[in-house]
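Encoded as C-alpha cells, the structure appears first; notes follow it.
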Amino acid sequence: MNHRWMSVTAAMLVAVSGAAAQHDGSTPATKVQPKATKPAAEVTLKVGSAAPALTVEDFVKGEKFTGFEKGRVYVVEFWATWCPPCVKSIPLLTDLQKEFKDKGVTVIGVASSERPKDKAGNELSNEQRLQIVKDFVKGKGDEMNYTVAYDADRSMANDWMKPAGQGGIPCAFLVNGEGKIVWIGNPLSGHEELEKKIASLVGGKHDKGHNKAGETQGQEKTKKDKGHVSAGEPAYRVVSVAQQDAKVQPEKKKEAPAPALPTLMVGDKAPEIKVSKFVKGEPITGFEKGKTYVVEFWATWCGPCRDSIPHLTELQKQHKDVRFVGVSVWESDTAAVEPFVKDMGDKMDYTVAMDELPAPTEDTPKARREASSNGVMAKTWMTASGSNGIPTAFIVNGDGKVAWIGHPMSMDEPLDKIIAGKWDLAKEAADYRKNKELETKLRPLQRKIQQAMMEGDHAAALRAMDELMALDPKANERYGMQKFSLLMEAGEYEKAFGYGAELVDGPMKENAQGLNAIAWTIVDPDNKPEKQDLKLALRAAIRADELTKGKDPAIIDTLAAVYHAQGNLSKAIELQQKAVEASKGTQFEEELKARLKQYNDEAKKTGG
C-alpha cells in the first residue's frame, strides 16, 4: 500500500508546522495512516551516491537509451498511472524537459508500480499492464512530452527506491553529468527546488516567482499526513540539496530573515468573499451580522477534499442557519469545476464558488498554473493565513471575525461552540498567535532535521529533534511520534519502544492518529523493522480503535495488521472485513479488500 501511506519520518518534517501543508496537499487527525520507512542501515542510496543502472527494457515514449551519458543530466522519476499526484506532476516534468532540453537534460518517467490486478480483482499480465501504461501515455499526448519507460519486474525501482528509503510515488532522482545523484524528492512538492538544482547544474533561467501549485517565493511548502495529501503522494518536502563542488569556495551566506507571521489570524476581521462564479447554491457576497459562516477551500484534483465534502454536507444539514461556501482554488483547469460539482450531486449540498483568477500571461500549462496560484480568495485567505494545504476551512462568527482555522474534518466541536456562544475568541486568538510564533522559531530546526534526513544522518536528525523539543513545553504531545519514528529509523529499537510506551500511556493516550502511527510503524508489512514490539503495537492500536469507536477503516486495518503479525489470522480476517465495510466509497476500499484477500489466502494455505 505504498501509494496511500506516507513516511512517518516525512510526517515529522511537517507535523511541526502546525497548519502548514501542501496544496495538493493543517492540523486535524486524518484517516490516512502513516507508513514507516526502512531502518537507517538500509538507506544506502543518498545524495552523493553513484546512480544505479538504468534497467528498463520497455520504452513507451521518447528517447531510448541504456545508460547515463557522461556530461548529460537526467531526471529519473518513478510513477504510476493510478497515482493522482503522479498525474499532477506530469505537466511539471514536461515543462522541465522543454526548458532544459537544449542544455543536455533528459527526463525519464519510469512506471514501476502498476497494479497487478484490475478493480474486479483479476490478475493482470505483464502485457496488459504495459498496455495500460501505453494507453495512458497516448491519452496524455503532448502534456506528457518526455521519455517514458515501463519497469515490468520492478527491478529498477528496487535498485533505486528501496536503497534510498523512498516508500512513495512520485519520486524523482536528479543525476548529474558525473553519474552522481544530487537531489532526491517529490517532483510535485519539490518542483521549485528541482528546477533550481537543474539550472545550477546546466545554467538556465529559473522562474523565481513561481512555486509548484501556487506557492509564492519564500512561502514554506510542506506535505502533511493530516488529510491534506492525495493518495499516492509521499509526504516529504525537499529543502536541501547536495553541496556544489567542494573546490568552489562558497560565498558567505547572509543570515536569513526570520519568517514573517501570517497577516490573517484567528480573531482578525474576515476578508471579503470575491469569486468569479457561484457554481451551486445561493450566492454569498458578504457576512451578515449575527450569522455564522464556513468558508472552505478545496480543488477538484485534491483527494482529501473529495473525502471531506460529504462531511461538510452533513454539517450544513445539521446547522441550517450557518452558511457554508466551498471555494475552488489552485485550479489550472477551471473547466473541470462545474462538471465535478455536478457529479458530486447531493454529496456536495452547499454553496460552491470558483476563485477569481487573473488572466494567464500566455496560453501555456505553466502560465495557467501560475495564474491559478494568484486567485483573489487564495491570496487573501489561504496565503494570508499561511495555510498552504487544502482542504482548509475558516469559521467566521456573527461579528465577521475569523473564529477558527483548520481542517474541515476537525471543525465539528469548534463550530458547535461558536454557534452556542461558548467560544472564547480572545483566548483562542491568543493561543493561535502563540502557536504561530512558536512555529516560526521551530522552522530553522525543521530544516536541520530535513537536511539530516536527506543525507541519511539519523543521529544529526535526532539531535535537531531534541533541540526542537526543548523549545516547546508540549513537545512530547506534538512531536513524540516523530521522535519515535526517528529512533526506529536509526535502529535504536530499545529506546524507541521504551519511548513509545511512554507516549501510549501519556501524551498520545487521547491521540488516535498518533497511536495508529506508532502501531503501524512497528508492524508495517512493506517496511518491516528488524525488531518489533508487538505488545506495544497492540496496545496502541486497540486504544486508537477505542477512541474512534471502531469506525475508522485505516485504524481498524492497523489493528488487523497487528494481529496478523502476531499470527492470529482469524482475528486479522475478522477485523479486516470490518475495515473493508467501513471503507466503502472511499479511496482506500480496493486496497483494504486486497489485504483481506491476502489474509484469506494465507488462511487457506495454512488451514487457519
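Following the order of the C-alpha cells, chains are lettered A, B, ..., residues in each are numbered from 1, and ligands are numbered from 1.
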
(request) Run DSSP on the backbone and give me the residues of range 239-433 of chain A it puts in strand (DSSP E or B), as a ChimeraX atom specification. (result) /A:269,275-280,293-298,323-328,351-355,392-396,401-406

Output the selection as a PDB file, in the first residue's frame - C-alpha atoms for each residue.
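Contents of selection_3.pdb, as written:
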```
ATOM      1  CA  LYS A 269     -11.708  40.536  10.531  1.00  0.00           C
ATOM      2  CA  VAL A 275     -15.243  34.892  -6.504  1.00  0.00           C
ATOM      3  CA  SER A 276     -15.609  34.618 -10.269  1.00  0.00           C
ATOM      4  CA  LYS A 277     -18.726  32.476 -10.224  1.00  0.00           C
ATOM      5  CA  PHE A 278     -21.146  30.693  -7.913  1.00  0.00           C
ATOM      6  CA  VAL A 279     -21.496  27.190  -9.294  1.00  0.00           C
ATOM      7  CA  LYS A 280     -24.121  25.913  -6.873  1.00  0.00           C
ATOM      8  CA  TYR A 293     -20.284  31.282   8.034  1.00  0.00           C
ATOM      9  CA  VAL A 294     -17.946  28.487   6.983  1.00  0.00           C
ATOM     10  CA  VAL A 295     -15.603  29.322   4.101  1.00  0.00           C
ATOM     11  CA  GLU A 296     -13.846  26.171   2.905  1.00  0.00           C
ATOM     12  CA  PHE A 297     -11.124  25.878   0.268  1.00  0.00           C
ATOM     13  CA  TRP A 298     -10.807  22.828  -1.992  1.00  0.00           C
ATOM     14  CA  ARG A 323     -23.928  29.469   5.569  1.00  0.00           C
ATOM     15  CA  PHE A 324     -21.353  27.126   4.022  1.00  0.00           C
ATOM     16  CA  VAL A 325     -19.401  28.023   0.885  1.00  0.00           C
ATOM     17  CA  GLY A 326     -16.776  25.831  -0.728  1.00  0.00           C
ATOM     18  CA  VAL A 327     -14.354  27.896  -2.817  1.00  0.00           C
ATOM     19  CA  SER A 328     -12.384  26.070  -5.507  1.00  0.00           C
ATOM     20  CA  THR A 351     -22.936  26.775  -1.873  1.00  0.00           C
ATOM     21  CA  VAL A 352     -19.948  26.288  -4.181  1.00  0.00           C
ATOM     22  CA  ALA A 353     -17.914  29.003  -5.898  1.00  0.00           C
ATOM     23  CA  MET A 354     -14.811  29.427  -8.032  1.00  0.00           C
ATOM     24  CA  ASP A 355     -11.923  31.719  -7.130  1.00  0.00           C
ATOM     25  CA  THR A 392      -8.829  24.169   4.841  1.00  0.00           C
ATOM     26  CA  ALA A 393     -11.862  25.782   6.478  1.00  0.00           C
ATOM     27  CA  PHE A 394     -12.415  29.146   8.153  1.00  0.00           C
ATOM     28  CA  ILE A 395     -15.303  29.741  10.564  1.00  0.00           C
ATOM     29  CA  VAL A 396     -16.493  33.354  10.566  1.00  0.00           C
ATOM     30  CA  LYS A 401     -14.274  37.764  12.560  1.00  0.00           C
ATOM     31  CA  VAL A 402     -12.299  34.607  11.843  1.00  0.00           C
ATOM     32  CA  ALA A 403     -13.021  32.405  14.852  1.00  0.00           C
ATOM     33  CA  TRP A 404     -11.269  29.215  13.756  1.00  0.00           C
ATOM     34  CA  ILE A 405      -8.936  27.936  11.009  1.00  0.00           C
ATOM     35  CA  GLY A 406      -8.253  24.276  10.305  1.00  0.00           C
TER      36      GLY A 406
END
```

(request) Report as a VMD selection string: the residues of range 306-485 of chain A with a DSSP assignment of helix (DSSP H, G or I), based on the backbone of this structure. (result) chain A and resid 306 to 318 334 to 348 365 to 373 376 to 385 408 to 410 412 to 420 425 to 454 458 to 471 475 to 485

(request) State, in Å with one decimal place, the distance from CA of Ala378 in chain A to CA of Pro187 in chain A. (result) 22.7 Å

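Checking A:Lys98, A:Arg115, A:Ala371, A:Gly168 one by one against Glu143 in chain A, counting only C-alpha atoms, you find the shortest gap at A:Lys98.
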
(request) Report the distance between CA of Glu57 in chain A and CA of Glu114 in chain A in Å, rounded to one decimal place. (result) 15.5 Å

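Closest to Glu272 in chain A among A:Pro391, A:Gly303, A:Gly500, A:Gly400 is A:Gly400, based on only C-alpha atoms.
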
(request) Choose the residue, out of A:Pro304, A:Val341, A:Thr292, A:Glu489, that has the smallest atom-to-atom separation from Lys320 in chain A; count only C-alpha atoms. (result) A:Thr292

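Proximity ranking of A:Ala172, A:Leu415, A:Ala490, A:Val56 relative to Ala461 in chain A places A:Ala490 first, based on only C-alpha atoms.
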
(request) Mind checking which residues fall within 10 Å of Pro91 in chain A, counting only C-alpha atoms, ignoring those fewer than 5 positions away in the same chain, and posting them as a VMD selection string? (result) chain A and resid 86 96 to 97 140 142 to 146 188 365 to 366 369

Same residues, C-alpha atoms, saved as an mmCIF file, in the first residue's frame:
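Just written: part15.cif:
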```cif
data_model
loop_
_atom_site.group_PDB
_atom_site.id
_atom_site.type_symbol
_atom_site.label_atom_id
_atom_site.label_comp_id
_atom_site.auth_asym_id
_atom_site.auth_seq_id
_atom_site.Cartn_x
_atom_site.Cartn_y
_atom_site.Cartn_z
ATOM 1 C CA CYS A 86 1.943 11.452 -10.270
ATOM 2 C CA LEU A 96 11.299 20.884 -17.197
ATOM 3 C CA GLN A 97 12.085 18.816 -20.276
ATOM 4 C CA LYS A 140 -1.845 12.402 -22.323
ATOM 5 C CA ASP A 142 1.889 16.447 -25.589
ATOM 6 C CA GLU A 143 1.082 17.023 -21.916
ATOM 7 C CA MET A 144 3.457 14.123 -21.191
ATOM 8 C CA ASN A 145 6.275 15.091 -23.516
ATOM 9 C CA TYR A 146 9.350 13.304 -22.204
ATOM 10 C CA LEU A 188 5.410 17.759 -7.304
ATOM 11 C CA PRO A 365 0.149 24.988 -18.878
ATOM 12 C CA LYS A 366 2.809 26.722 -16.784
ATOM 13 C CA ARG A 369 -0.820 27.116 -13.236
#
```
